[in-house]
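Inspection log for the structure reproduced underneath, given as structure tokens.
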Amino acid sequence: MKKWIGILMAVAMIAALCACGAEPSAPEAASAGDEAAADTAILVVSFGTSYNESRDLTIGAIENAIAAAYPQYEVRRAFTSQIIIDKLKERDGLEIDNVDEALTRAAADGIRNLIVQPTHLMNGFEYTDLKNALDEYSDQFDQIVLGEPLLTSDEDFEAVITAITDTSSANDDGNTALVFMGHGTEAESNAVYAAMQEKLKADGFNNYYIGTVEATPSVDDIIAAIQDKGYTRVVLQPLMIVAGDHANNDMAGDEDDSWKNIFKSNGYEVECVLEGLGQNEAVQQVFVDHVAAAIAQLS
């Protein structure tokens, strides 16, 4: 027994001596890709909304989809509406950066390459304002790449058309006009609404109609377009990323001038669907693809 104990002690001493002389294992070196990822972030810029549930289901869902697609990059948030930012801070204690704050914070945090992906529907005034703001910070980063808005290419239009028609197909029964309400703008980019209407019809979706709150086509234009079609029912849904103030009030509100009540006063049964485009996974994928195109521009 003593013999075996002596042998075991000797083996242990030899192992200890070998361990003392052995070189410590070096930690794995970070790859160039890891270093680049650490210096790069994605800033998702939205107009914003004070409707908390819709914000989580739309803007939050888009941000989550981008984060899931590109886990190597940090995803950050900024809103362009200071009114909404101030309201959320006062009402809910929720602090969200505006664009200037987000850019200043990113530079201070050592971000060298910034991908900025807006959740804007089109290349309108807000998109131009964002581009101008980024230009003012260009000397604080190695690169800033601005992603495209939702409706940019023909492929984008087709993807969004597929998204809205797939989710509303149960109501496309021949007796229902499916009306999507956009915001509208005085910018030339307001033409995207007419383009969407033309593409819907070209794809055979003749019961779908596109209108805007603050531009053309107006609600009166839509009523004129559907009044001789034999529809008995209208389903209203926002053609906006978020189902926020416009959707809840201008579209589905109880005031006489809401779209819901205007259609009712014209004899239609009306249903309102308060779902923003950002809830649709196919729409989220368009933004993910736009981020991919922006990442490809990094040198």
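The way I read the labels, and the way they are meant: chains A, B, ... in the order of the structure tokens, residue 1 as the first residue of every chain, and ligand 1 as the first ligand shown, with later ones counted on from there.
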
As a list in words, please: the residues near A:Thr104 (cut-off 12 Å, only C-alpha atoms, same-chain neighbours under 4 positions excluded).
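Listing them by chain and then by number gives Ala78, Asp97, Asn98, Val99, Asp100, Ala108, Asp109, Gly110, Ile111, Arg112, Leu114, Ala133, Leu134, Glu136, Tyr137, Ser138, Asp139, Gln140 and Phe141 of chain A.
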
Which polymer residues have any atom within 12 Å of an atom of A:Thr162, counting only C-alpha atoms, with same-chain residues fewer than 6 positions away left out, as a list in words?
Glu155, Asp156, Ser168, Ser169, Met196, Lys199, Leu200, Asp203, Gly204, Phe205, Leu277, Asn280, Glu281, Ala282, Val283 and Val286 of chain A

The residue from A:Asp166, A:Glu63, A:Glu271, A:Asp245 with the smallest atom-to-atom distance to A:Thr232, counting only C-alpha atoms, is A:Glu271

Pick out the residues sitting within 8 Å of stretch 179-187 of chain A, and hand them over as a ChimeraX atom specification; count only C-alpha atoms, and ignore anything fewer than 3 positions along from it in its own chain.
/A:124-125,190,193,208-216,234-240,246-247,251

Could those selected residues go to a file with C-alpha atoms, as a compact mmCIF listing (two decimals), in the first residue's frame?
```txt
# COMPACT_ATOMS: atom_id res chain seq x y z
CA GLY A 124 -39.31 62.89 -48.34
CA PHE A 125 -38.55 65.97 -46.25
CA ASN A 190 -45.81 61.90 -52.40
CA TYR A 193 -48.85 56.65 -53.11
CA TYR A 208 -57.31 47.97 -52.85
CA TYR A 209 -57.15 51.76 -52.56
CA ILE A 210 -54.43 54.12 -51.32
CA GLY A 211 -55.19 57.53 -49.82
CA THR A 212 -53.48 60.13 -47.64
CA VAL A 213 -54.41 62.35 -44.71
CA GLU A 214 -52.51 65.46 -45.76
CA ALA A 215 -52.08 65.19 -49.52
CA THR A 216 -53.51 63.32 -52.50
CA VAL A 234 -64.81 49.32 -46.22
CA VAL A 235 -61.83 48.08 -44.24
CA LEU A 236 -59.44 50.84 -43.19
CA GLN A 237 -55.79 50.27 -42.32
CA PRO A 238 -52.81 52.64 -41.99
CA LEU A 239 -50.14 52.68 -44.69
CA MET A 240 -47.74 53.90 -42.00
CA HIS A 246 -53.14 59.46 -37.38
CA ALA A 247 -54.38 55.88 -37.36
CA MET A 251 -58.60 57.13 -39.44
```

May I ask for the distance between atom CA of A:Pro71 and atom CA of A:Ala37, given in Å to one decimal place?
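So the answer is 9.4 Å.
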
Give me every helix (DSSP H, G or I) residue in stretch 66-270 of chain A, going by DSSP on the backbone, as an MDAnalysis selection string.
chainID A and resid 66:69 82:92 99:108 125:136 138:140 154:171 188:202 219:226 245:251 259:265

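Among the candidates A:Ser153, A:Gln72, A:Asn175, A:Thr58, the one nearest to A:Gln227 when counting only C-alpha atoms is A:Asn175.
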
With only C-alpha atoms as the basis for distance, which of A:Ala106, A:Val242, A:Ile161, A:Leu150 is at the shortest distance from A:Gly278?
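Of A:Ala106, A:Val242, A:Ile161, A:Leu150, the one nearest A:Gly278 is A:Val242, counting only C-alpha atoms.
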
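The space separating atom CA of A:Asp39 from atom CA of A:Glu74 comes to 9.5 Å.
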
Based on DSSP run over this structure's backbone, return all residues of stretch 23-121 of chain A in strand (DSSP E), as a PyMOL selection string.
chain A and resi 40-46+74-79+113-118

Quick one, how far is atom CA of A:Ser265 from atom CA of A:Thr176?
16.2 Å
